[in-house]
Every structure is written in structure tokens, then in C-alpha cells.
>>> print(open('data.txt').read())   # compact mmCIF, C-alpha atoms
# COMPACT_ATOMS: atom_id res chain seq x y z
CA GLY A 25 0.00 0.00 0.00
CA VAL A 26 0.84 3.68 0.21
CA VAL A 27 1.93 5.44 3.40
CA ARG A 28 1.87 9.24 3.32
CA PHE A 29 3.40 11.32 6.07
CA GLN A 30 2.28 14.91 5.66
CA ALA A 31 2.98 17.61 8.19
CA THR A 32 3.34 21.36 8.44
CA GLY A 33 5.81 23.56 10.22
CA ALA A 34 8.73 21.86 11.95
CA SER A 35 7.22 18.38 12.11
CA SER A 36 9.60 15.44 11.75
CA PHE A 37 9.59 11.81 10.67
CA ILE A 38 12.21 10.06 12.84
CA GLY A 39 13.16 6.41 12.69
CA GLU A 40 15.12 5.56 15.82
CA ALA A 41 16.32 2.22 14.45
CA ASP A 42 16.42 0.55 11.03
CA VAL A 43 13.75 1.58 8.54
CA THR A 44 12.70 -0.73 5.70
CA ASN A 45 10.30 0.35 3.00
CA GLN A 46 8.82 -2.34 0.76
CA GLY A 47 5.84 -0.41 -0.55
CA THR A 48 5.30 3.29 -1.24
CA LEU A 49 6.41 5.84 1.34
CA GLU A 50 5.67 9.51 0.62
CA LEU A 51 7.17 12.09 2.96
CA ASP A 52 6.29 15.77 3.19
CA SER A 53 7.81 17.13 6.38
CA ALA A 54 10.48 19.51 7.60
CA THR A 55 12.86 16.71 8.60
CA PHE A 56 13.34 13.03 7.87
CA GLN A 57 15.80 11.23 10.13
CA VAL A 58 16.85 7.60 10.29
CA ASN A 59 19.25 6.62 13.05
CA GLY A 60 19.78 3.08 11.77
CA ALA A 61 19.94 1.66 8.25
CA LEU A 62 17.50 2.77 5.57
CA THR A 63 16.59 0.03 3.10
CA ASN A 64 14.26 0.80 0.22
CA SER A 65 12.91 -1.94 -2.01
CA GLY A 66 9.83 0.02 -3.08
CA SER A 67 9.14 3.69 -3.78
CA LEU A 68 10.53 6.30 -1.40
CA ASP A 69 9.44 9.86 -2.20
CA ALA A 70 11.22 12.40 0.02
CA ALA A 71 11.05 15.26 -2.47
CA GLY A 72 8.96 17.30 -0.04
CA VAL A 73 11.47 16.98 2.81
CA THR A 74 13.65 19.95 3.69
CA THR A 75 16.31 18.13 5.73
CA SER A 76 17.04 14.40 5.60
CA THR A 77 19.58 12.92 8.03
CA LEU A 78 20.69 9.33 7.48
CA ASN A 79 22.93 8.25 10.33
CA GLY A 80 23.37 4.72 9.01
CA ASN A 81 23.67 3.06 5.62
CA LEU A 82 21.35 3.63 2.67
CA ALA A 83 20.44 0.73 0.37
CA ASN A 84 18.24 1.67 -2.57
CA GLN A 85 17.72 -1.78 -3.99
CA SER A 86 17.30 -3.00 -7.55
CA GLY A 87 13.93 -2.05 -9.01
CA SER A 88 13.27 0.58 -6.35
CA THR A 89 13.02 4.36 -6.64
CA TYR A 90 14.25 7.08 -4.31
CA SER A 91 13.41 10.75 -4.90
CA ALA A 92 15.52 13.06 -2.72
CA GLY A 93 14.56 16.23 -0.87
CA THR A 94 16.30 19.59 -0.48
CA GLY A 95 19.19 18.47 1.70
CA THR A 96 20.37 14.98 2.63
CA THR A 97 23.26 14.22 4.99
CA ILE A 98 24.51 10.66 5.22
CA ALA A 99 27.06 9.29 7.68
CA GLY A 100 27.00 5.71 6.43
CA ASN A 101 27.39 4.01 3.07
CA TRP A 102 25.42 4.97 -0.03
CA ALA A 103 24.45 1.93 -2.12
CA ASN A 104 22.17 2.50 -5.08
CA SER A 105 21.23 -0.28 -7.46
CA GLY A 106 17.80 1.12 -8.25
CA THR A 107 16.78 4.57 -9.52
CA PHE A 108 17.88 7.64 -7.61
CA THR A 109 16.35 11.01 -8.55
CA PRO A 110 18.32 13.87 -6.98
CA ASN A 111 15.91 16.64 -8.04
CA THR A 112 17.70 19.89 -7.13
CA GLY A 113 18.85 18.63 -3.74
CA THR A 114 22.23 18.51 -2.03
CA VAL A 115 23.75 15.30 -0.69
CA THR A 116 26.38 15.77 2.01
CA PHE A 117 28.75 12.91 2.82
CA SER A 118 29.90 13.32 6.40
CA GLY A 119 31.91 10.16 7.16
CA THR A 120 34.21 7.54 5.67
CA ASN A 121 31.37 6.41 3.45
CA THR A 122 31.53 4.15 0.46
CA ILE A 123 29.47 5.37 -2.49
CA ALA A 124 27.98 3.08 -5.11
CA SER A 125 25.99 5.37 -7.37
CA GLY A 126 24.69 2.61 -9.60
CA GLY A 127 24.79 4.87 -12.64
CA SER A 128 22.65 7.62 -11.07
CA SER A 129 24.01 11.16 -10.96
CA PHE A 130 23.89 13.57 -8.05
CA TYR A 131 22.79 17.20 -8.39
CA ARG A 132 24.81 18.93 -5.68
CA VAL A 133 27.36 17.15 -3.49
CA VAL A 134 29.26 18.33 -0.42
CA VAL A 135 32.13 16.35 1.08
CA ALA A 136 32.32 17.57 4.68
CA ALA A 137 35.59 18.85 6.15
CA ALA A 138 36.40 15.74 8.18
CA ALA A 139 34.91 13.29 5.69
CA SER A 140 36.70 10.85 3.39
CA PRO A 141 34.12 9.02 1.26
CA THR A 142 35.12 6.57 -1.46
CA ALA A 143 33.27 6.43 -4.76
CA ASN A 144 33.56 2.83 -5.93
CA ASP A 145 31.98 3.36 -9.35
CA ALA A 146 31.56 6.23 -11.82
CA PHE A 147 30.77 9.41 -9.89
CA ALA A 148 28.83 12.24 -11.55
CA CYS A 149 27.56 15.55 -10.23
CA THR A 150 25.51 17.73 -12.57
CA ASN A 151 25.55 21.00 -10.58
CA VAL A 152 28.01 21.91 -7.79
CA LEU A 153 30.60 19.64 -6.18
CA ALA A 154 32.18 21.06 -3.02
CA VAL A 155 35.06 19.10 -1.47
CA ARG A 156 36.15 20.22 2.00
CA GLY A 157 37.55 16.82 3.03
CA THR A 158 38.87 14.03 0.78
CA LEU A 159 37.01 12.44 -2.10
CA ASN A 160 38.49 9.05 -3.03
CA LEU A 161 37.81 7.94 -6.59
CA LYS A 162 38.07 4.30 -7.65
CA SER A 163 36.64 4.94 -11.11
CA SER A 164 35.81 8.10 -13.09
CA ILE A 165 34.43 11.50 -12.17
CA THR A 166 32.20 13.84 -14.17
CA PHE A 167 32.05 17.42 -12.94
CA GLY A 168 28.97 19.59 -13.23
CA THR A 169 28.61 23.34 -13.61
CA ARG A 170 31.03 24.23 -10.80
CA PHE A 171 33.69 22.63 -8.63
CA ASP A 172 34.41 24.26 -5.25
CA GLU A 173 37.75 22.81 -4.22
CA TRP A 174 37.96 24.61 -0.85
CA THR A 175 41.02 23.06 0.87
CA GLY A 176 39.98 19.52 0.01
CA THR A 177 41.75 16.63 -1.68
CA MET A 178 40.80 14.70 -4.78
CA LYS A 179 42.45 11.29 -4.57
CA PHE A 180 42.56 8.93 -7.55
CA ASN A 181 43.14 5.48 -6.07
CA GLY A 182 41.47 2.93 -8.32
CA THR A 183 43.27 -0.18 -9.55
CA GLY A 184 42.56 0.40 -13.24
CA ALA A 185 43.29 3.20 -15.69
CA GLN A 186 41.85 6.55 -14.61
CA THR A 187 41.54 9.92 -16.31
CA ILE A 188 41.96 13.13 -14.32
CA PRO A 189 39.74 15.83 -15.86
CA VAL A 190 40.88 19.38 -16.53
CA GLU A 191 39.87 21.34 -13.42
CA GLY A 192 41.05 23.62 -10.65
CA TYR A 193 41.98 21.44 -7.68
CA TYR A 194 43.27 22.22 -4.22
CA ASN A 195 45.16 19.02 -3.35
CA LEU A 196 45.47 16.39 -6.09
CA THR A 197 46.73 12.93 -5.09
CA VAL A 198 47.44 9.73 -7.01
CA ASP A 199 47.56 6.66 -4.76
CA LYS A 200 47.25 3.58 -6.98
CA THR A 201 48.34 0.01 -6.36
CA ALA A 202 47.84 -0.74 -10.07
CA GLY A 203 46.99 1.10 -13.26
CA THR A 204 47.86 4.61 -14.40
CA ALA A 205 46.16 7.94 -13.74
CA THR A 206 46.48 10.26 -16.75
CA LEU A 207 45.92 14.01 -16.80
CA SER A 208 43.58 15.20 -19.54
CA ALA A 209 44.91 17.57 -22.18
CA GLY A 210 44.38 21.19 -21.24
CA THR A 211 45.36 23.44 -18.35
CA SER A 212 44.65 22.37 -14.77
CA THR A 213 45.46 24.27 -11.60
CA VAL A 214 46.55 22.77 -8.29
CA LEU A 215 46.40 25.33 -5.50
CA GLY A 216 47.83 23.00 -2.86
CA ALA A 217 49.98 19.87 -3.22
CA LEU A 218 50.38 17.53 -6.17
CA THR A 219 51.20 14.13 -4.66
CA VAL A 220 52.04 10.72 -6.09
CA THR A 221 51.88 8.43 -3.05
CA GLN A 222 52.21 5.24 -5.07
CA GLY A 223 51.49 4.14 -8.61
CA THR A 224 51.85 6.12 -11.83
CA LEU A 225 50.76 9.61 -12.78
CA ASP A 226 51.10 10.27 -16.52
CA ALA A 227 50.95 14.00 -17.19
CA GLY A 228 50.21 13.45 -20.88
CA SER A 229 50.15 16.72 -22.83
CA ALA A 230 48.61 18.66 -19.96
CA THR A 231 49.74 21.96 -18.52
CA VAL A 232 49.64 22.06 -14.72
CA ASN A 233 49.90 25.33 -12.83
CA LEU A 234 51.08 24.30 -9.37
CA GLU A 235 51.07 26.67 -6.39
CA GLY A 236 52.15 24.11 -3.77
CA ASN A 237 54.71 21.31 -3.57
CA LEU A 238 55.21 18.27 -5.78
CA SER A 239 55.77 15.05 -3.82
CA ASN A 240 56.67 11.89 -5.73
CA ALA A 241 56.95 8.50 -4.06
CA GLY A 242 55.71 6.62 -7.12
CA THR A 243 56.20 7.20 -10.84
CA PHE A 244 55.71 10.58 -12.49
CA THR A 245 55.67 10.20 -16.29
CA PRO A 246 56.08 13.64 -17.88
CA SER A 247 55.22 12.65 -21.48
CA THR A 248 54.93 16.03 -23.29
CA SER A 249 53.46 17.99 -20.39
CA THR A 250 54.32 21.39 -18.99
CA LEU A 251 54.60 21.91 -15.25
CA VAL A 252 54.50 25.53 -14.15
CA PHE A 253 55.50 26.38 -10.58
CA THR A 254 53.57 29.53 -9.74
CA GLY A 255 53.81 29.78 -5.94
CA GLY A 256 56.31 31.46 -3.64
CA SER A 257 58.66 28.97 -1.99
CA GLN A 258 58.03 25.50 -3.49
CA SER A 259 59.69 22.09 -3.31
CA VAL A 260 59.95 18.89 -5.32
CA VAL A 261 60.23 16.14 -2.71
CA GLY A 262 59.67 12.42 -2.29
CA SER A 263 61.57 9.15 -2.41
CA GLN A 264 61.65 8.96 -6.24
CA ASN A 265 63.46 11.10 -8.77
CA THR A 266 61.20 13.30 -10.89
CA ASN A 267 61.72 14.13 -14.56
CA PHE A 268 59.92 16.86 -16.47
CA TYR A 269 59.28 17.59 -20.13
CA ASN A 270 58.67 21.34 -20.04
CA LEU A 271 59.48 23.03 -16.75
CA THR A 272 58.59 26.63 -15.99
CA ILE A 273 59.35 28.50 -12.78
CA ASP A 274 57.42 31.74 -12.68
CA SER A 275 58.99 34.99 -11.62
CA GLY A 276 58.60 35.28 -7.86
CA ALA A 277 58.76 31.51 -7.28
CA THR A 278 61.67 29.71 -5.63
CA LEU A 279 61.96 25.99 -6.28
CA VAL A 280 63.99 23.52 -4.19
CA PHE A 281 64.68 19.93 -5.29
CA SER A 282 65.33 17.23 -2.68
CA ASN A 283 66.05 14.59 -5.35
CA THR A 284 67.30 14.53 -8.92
CA ALA A 285 65.00 16.31 -11.36
CA THR A 286 65.61 16.61 -15.08
CA PRO A 287 63.75 18.79 -17.58
CA VAL A 288 63.71 16.68 -20.76
CA ASN A 289 62.66 19.33 -23.28
CA THR A 290 62.68 22.99 -22.22
CA SER A 291 63.12 24.94 -19.02
CA SER A 292 61.88 28.46 -18.51
CA ILE A 293 63.06 29.82 -15.20
CA GLY A 294 61.79 33.21 -14.20
CA ASN A 295 63.41 33.35 -10.79
CA ASP A 296 65.42 30.95 -8.56
CA TRP A 297 65.95 27.23 -9.08
CA THR A 298 67.74 25.53 -6.22
CA ASN A 299 68.87 21.93 -6.71
>>> encode(input="data.txt", output="C-alpha cells")
Amino acid sequence: GVVRFQATGASSFIGEADVTNQGTLELDSATFQVNGALTNSGSLDAAGVTTSTLNGNLANQSGSTYSAGTGTTIAGNWANSGTFTPNTGTVTFSGTNTIASGGSSFYRVVVAAAASPTANDAFACTNVLAVRGTLNLKSSITFGTRFDEWTGTMKFNGTGAQTIPVEGYYNLTVDKTAGTATLSAGTSTVLGALTVTQGTLDAGSATVNLEGNLSNAGTFTPSTSTLVFTGGSQSVVGSQNTNFYNLTIDSGATLVFSNTATPVNTSSIGNDWTN
């Protein structure tokens, strides 16, 4: 059957334990809160909810539908194998969640400051993505109309080949036990640190404007890329030697190398290079 919860004002629908919906649940209230796991194998319509708080895991099962409200915060895992309709809502990941989008896109996404969710499949956001913590990516990412990097970290740590889109990042990290992460052609900006913890980062034909440090403990393949150091006092550090194709040090930047670094093609040094 159909269960409708309609309320006015500040009324709330609160599930103190696990909530399982196998039929049709329609919610129209100020808040919707589940303190245990939320499992949906039917139709869950929360489009009329202002604030949804999911303190456990969400499982939107195969064949089911979930229509989101204005704002949803989830502390547990997000597992979607049905149909998720984001409407124009914001989903905030607040923990060390795993995310299985199941092919459904998000509208707006916020990764909270202390959060470190892991997207296990293709991750897509059609409007704004704001990363204050760390977003771990095992597969691909599709950005929407705007990316707010804040002081967050985008970490590519899948075991297969990954493509890093052209964007403006704060911290950009490659941490792969297998496979190669390749920068897309075009100009990307990294306001914080560019880090290769393990695995291979292939810079391709990209141009990277880097304001922070480059740390390489894996393999940095320069290909035909250009790395431009644009900050003040910057360093190239790490346990592995780092080679470049085109290397540019902007005027006003001072660059210090802790290991051997070789520009393969051209070097354009506008200020100090300390090796």
C-alpha cells in the first residue's frame, strides 16, 4: 500500500532504528531522520522533505526508486542499485562512506571537512561539487557546472586506468596500487599539493599550474606535459626522482629539489631554481 506522512511547520519523521520500505512511502515534512539503516525496495518519495539525516547506511535496492529532498546528509554508506532522482537537492557525505551510485548522478554534493568518502563506481555531479575533506575515486568523475575545491583533496586510487579531468583542484593525489592515472589535455590548476603516493601519474600533454609542492613516491611520467611552478617557496620532494618535459618557474617563485629532477625538453626559469 501507500503510506503518506504529511505535516506542516517543523514536524519530523524520525526512525530511531532501522527503517525498511517495501511499498510506497511519501514524505512531506520539515525533517526526515533515520538513526539506523534505511533500506528501500519500493518507492521512497522524500522530495517534499527539507532536511534528511541518514545516520546509518542507505540501500536503494534494484527495481526501487528514491526521490531526494532539499538536503540529505549521510554518515553511512550509499548503495544505489535502483533509480535515484536527486531533483535539485544537495547530498552531504559526512563520514568515511563508500558510495555506489549505480549509474545515477547527483545534483549537488558536499564532502564535509572531516569526511573521506570513497566512490567505488563512476561518480557524476551535474551541478556543484564542493570538497572540503577528501574524495576518493576508484573509477571516473564527471564534474557539473562548478567545482568548489575549498582546501579539500581529490584522490585517484582505483586499480585500473583513470583519467583526471581538466579542473582547478586544491590538493590532487594519485595513490594507486595498479593502473595509471592520466591528466587530460588542457590546463589544470593545483592550489595545494600535487602528490604521487604510489602508482603512476602520466601527465600526458597537460599543462599544470602548481602553487604548492610536488611530492613523488611513485612514478611521475612527464610525457609532453608542462609543469608551471607559480607559488612562492616551493619544493619537489619524495623518495623517487622526478623528470619533467617542459618546466617553468614563474617569476617570484623559488623551487627547491630534494632529489634529482631533469627537464627533458625545455626549461623556462623566471626566478630561482635551487637543486
>>> atom_distance(input="data.txt", atom1="atom CA of Val232 of chain A", atom2="atom CA of Ser212 of chain A")
5.0 Å
>>> residues_around(input="data.txt", residues="segment 63-73 of chain A", least_positions_apart="4", cutoff="7 Å", atoms="only C-alpha atoms", output="ChimeraX atom specification")
/A:43-56,82-85,88-94
>>> residues_near_point(input="data.txt", point="(26.6, 9.7, -10.5)", cutoff="8 Å", atoms="all atoms listed in the file", output="ChimeraX atom specification")
/A:125-130,146-149,166
>>> closest_residue(input="data.txt", among="A:Ala99, A:Ala185, A:Val152, A:Val280", to="Val134 of chain A", atoms="all atoms listed in the file")
A:Val152
>>> closest_residue(input="data.txt", among="A:Gly210, A:Gly192, A:Gly182, A:Gly216", to="Gly255 of chain A", atoms="all atoms listed in the file")
A:Gly216
>>> residues_around(input="data.txt", residues="Asp42 of chain A", least_positions_apart="5", cutoff="9 Å", atoms="all atoms listed in the file", output="list in words")
Val58, Asn59, Gly60, Ala61, Leu62, Thr63 and Gly80 of chain A
>>> build_atoms(input="data.txt", residues="segment 269-280 of chain A", atoms="all heavy atoms", output="mmCIF file, in the coordinates of the input")
data_model
loop_
_atom_site.group_PDB
_atom_site.id
_atom_site.type_symbol
_atom_site.label_atom_id
_atom_site.label_comp_id
_atom_site.auth_asym_id
_atom_site.auth_seq_id
_atom_site.Cartn_x
_atom_site.Cartn_y
_atom_site.Cartn_z
ATOM 1 N N TYR A 269 59.117 17.315 -18.709
ATOM 2 C CA TYR A 269 59.280 17.590 -20.130
ATOM 3 C C TYR A 269 59.521 19.089 -20.301
ATOM 4 O O TYR A 269 60.635 19.509 -20.554
ATOM 5 C CB TYR A 269 58.059 17.114 -20.925
ATOM 6 C CG TYR A 269 58.262 17.206 -22.423
ATOM 7 C CD1 TYR A 269 59.090 16.297 -23.069
ATOM 8 C CD2 TYR A 269 57.640 18.188 -23.180
ATOM 9 C CE1 TYR A 269 59.302 16.379 -24.446
ATOM 10 C CE2 TYR A 269 57.842 18.272 -24.549
ATOM 11 C CZ TYR A 269 58.671 17.362 -25.180
ATOM 12 O OH TYR A 269 58.883 17.444 -26.533
ATOM 13 N N ASN A 270 58.490 19.897 -20.106
ATOM 14 C CA ASN A 270 58.670 21.340 -20.040
ATOM 15 C C ASN A 270 58.526 21.783 -18.596
ATOM 16 O O ASN A 270 57.541 21.440 -17.931
ATOM 17 C CB ASN A 270 57.636 22.069 -20.911
ATOM 18 C CG ASN A 270 57.800 21.768 -22.385
ATOM 19 O OD1 ASN A 270 58.914 21.686 -22.886
ATOM 20 N ND2 ASN A 270 56.681 21.597 -23.086
ATOM 21 N N LEU A 271 59.483 22.553 -18.133
ATOM 22 C CA LEU A 271 59.480 23.030 -16.750
ATOM 23 C C LEU A 271 59.568 24.540 -16.750
ATOM 24 O O LEU A 271 60.484 25.123 -17.347
ATOM 25 C CB LEU A 271 60.666 22.435 -15.978
ATOM 26 C CG LEU A 271 60.915 22.988 -14.569
ATOM 27 C CD1 LEU A 271 59.741 22.689 -13.650
ATOM 28 C CD2 LEU A 271 62.215 22.432 -13.995
ATOM 29 N N THR A 272 58.598 25.173 -16.081
ATOM 30 C CA THR A 272 58.590 26.630 -15.990
ATOM 31 C C THR A 272 58.506 27.030 -14.525
ATOM 32 O O THR A 272 57.662 26.517 -13.785
ATOM 33 C CB THR A 272 57.398 27.239 -16.750
ATOM 34 O OG1 THR A 272 57.504 26.890 -18.134
ATOM 35 C CG2 THR A 272 57.373 28.745 -16.617
ATOM 36 N N ILE A 273 59.397 27.939 -14.133
ATOM 37 C CA ILE A 273 59.350 28.500 -12.780
ATOM 38 C C ILE A 273 59.031 29.978 -12.938
ATOM 39 O O ILE A 273 59.830 30.739 -13.490
ATOM 40 C CB ILE A 273 60.688 28.308 -12.047
ATOM 41 C CG1 ILE A 273 61.046 26.817 -11.994
ATOM 42 C CG2 ILE A 273 60.608 28.883 -10.635
ATOM 43 C CD1 ILE A 273 62.429 26.541 -11.437
ATOM 44 N N ASP A 274 57.852 30.368 -12.500
ATOM 45 C CA ASP A 274 57.420 31.740 -12.680
ATOM 46 C C ASP A 274 58.288 32.707 -11.890
ATOM 47 O O ASP A 274 58.900 32.356 -10.866
ATOM 48 C CB ASP A 274 55.968 31.900 -12.218
ATOM 49 C CG ASP A 274 54.976 31.623 -13.335
ATOM 50 O OD1 ASP A 274 55.426 31.302 -14.452
ATOM 51 O OD2 ASP A 274 53.763 31.725 -13.093
ATOM 52 N N SER A 275 58.322 33.933 -12.359
ATOM 53 C CA SER A 275 58.990 34.990 -11.620
ATOM 54 C C SER A 275 58.328 35.142 -10.252
ATOM 55 O O SER A 275 57.100 35.196 -10.152
ATOM 56 C CB SER A 275 58.900 36.305 -12.399
ATOM 57 O OG SER A 275 59.489 37.355 -11.674
ATOM 58 N N GLY A 276 59.134 35.187 -9.209
ATOM 59 C CA GLY A 276 58.600 35.280 -7.860
ATOM 60 C C GLY A 276 58.542 33.946 -7.156
ATOM 61 O O GLY A 276 58.296 33.881 -5.945
ATOM 62 N N ALA A 277 58.778 32.847 -7.880
ATOM 63 C CA ALA A 277 58.760 31.510 -7.280
ATOM 64 C C ALA A 277 60.188 31.022 -7.047
ATOM 65 O O ALA A 277 61.092 31.283 -7.843
ATOM 66 C CB ALA A 277 58.027 30.528 -8.182
ATOM 67 N N THR A 278 60.385 30.338 -5.938
ATOM 68 C CA THR A 278 61.670 29.710 -5.630
ATOM 69 C C THR A 278 61.426 28.220 -5.491
ATOM 70 O O THR A 278 60.574 27.791 -4.710
ATOM 71 C CB THR A 278 62.260 30.260 -4.323
ATOM 72 O OG1 THR A 278 62.473 31.660 -4.457
ATOM 73 C CG2 THR A 278 63.581 29.582 -3.991
ATOM 74 N N LEU A 279 62.184 27.427 -6.233
ATOM 75 C CA LEU A 279 61.960 25.990 -6.280
ATOM 76 C C LEU A 279 63.177 25.255 -5.750
ATOM 77 O O LEU A 279 64.310 25.502 -6.182
ATOM 78 C CB LEU A 279 61.667 25.556 -7.718
ATOM 79 C CG LEU A 279 61.243 24.100 -7.937
ATOM 80 C CD1 LEU A 279 59.966 23.795 -7.163
ATOM 81 C CD2 LEU A 279 61.037 23.829 -9.422
ATOM 82 N N VAL A 280 62.930 24.321 -4.805
ATOM 83 C CA VAL A 280 63.990 23.520 -4.190
ATOM 84 C C VAL A 280 63.738 22.059 -4.498
ATOM 85 O O VAL A 280 62.623 21.562 -4.315
ATOM 86 C CB VAL A 280 64.041 23.740 -2.662
ATOM 87 C CG1 VAL A 280 65.114 22.860 -2.033
ATOM 88 C CG2 VAL A 280 64.304 25.201 -2.346
#
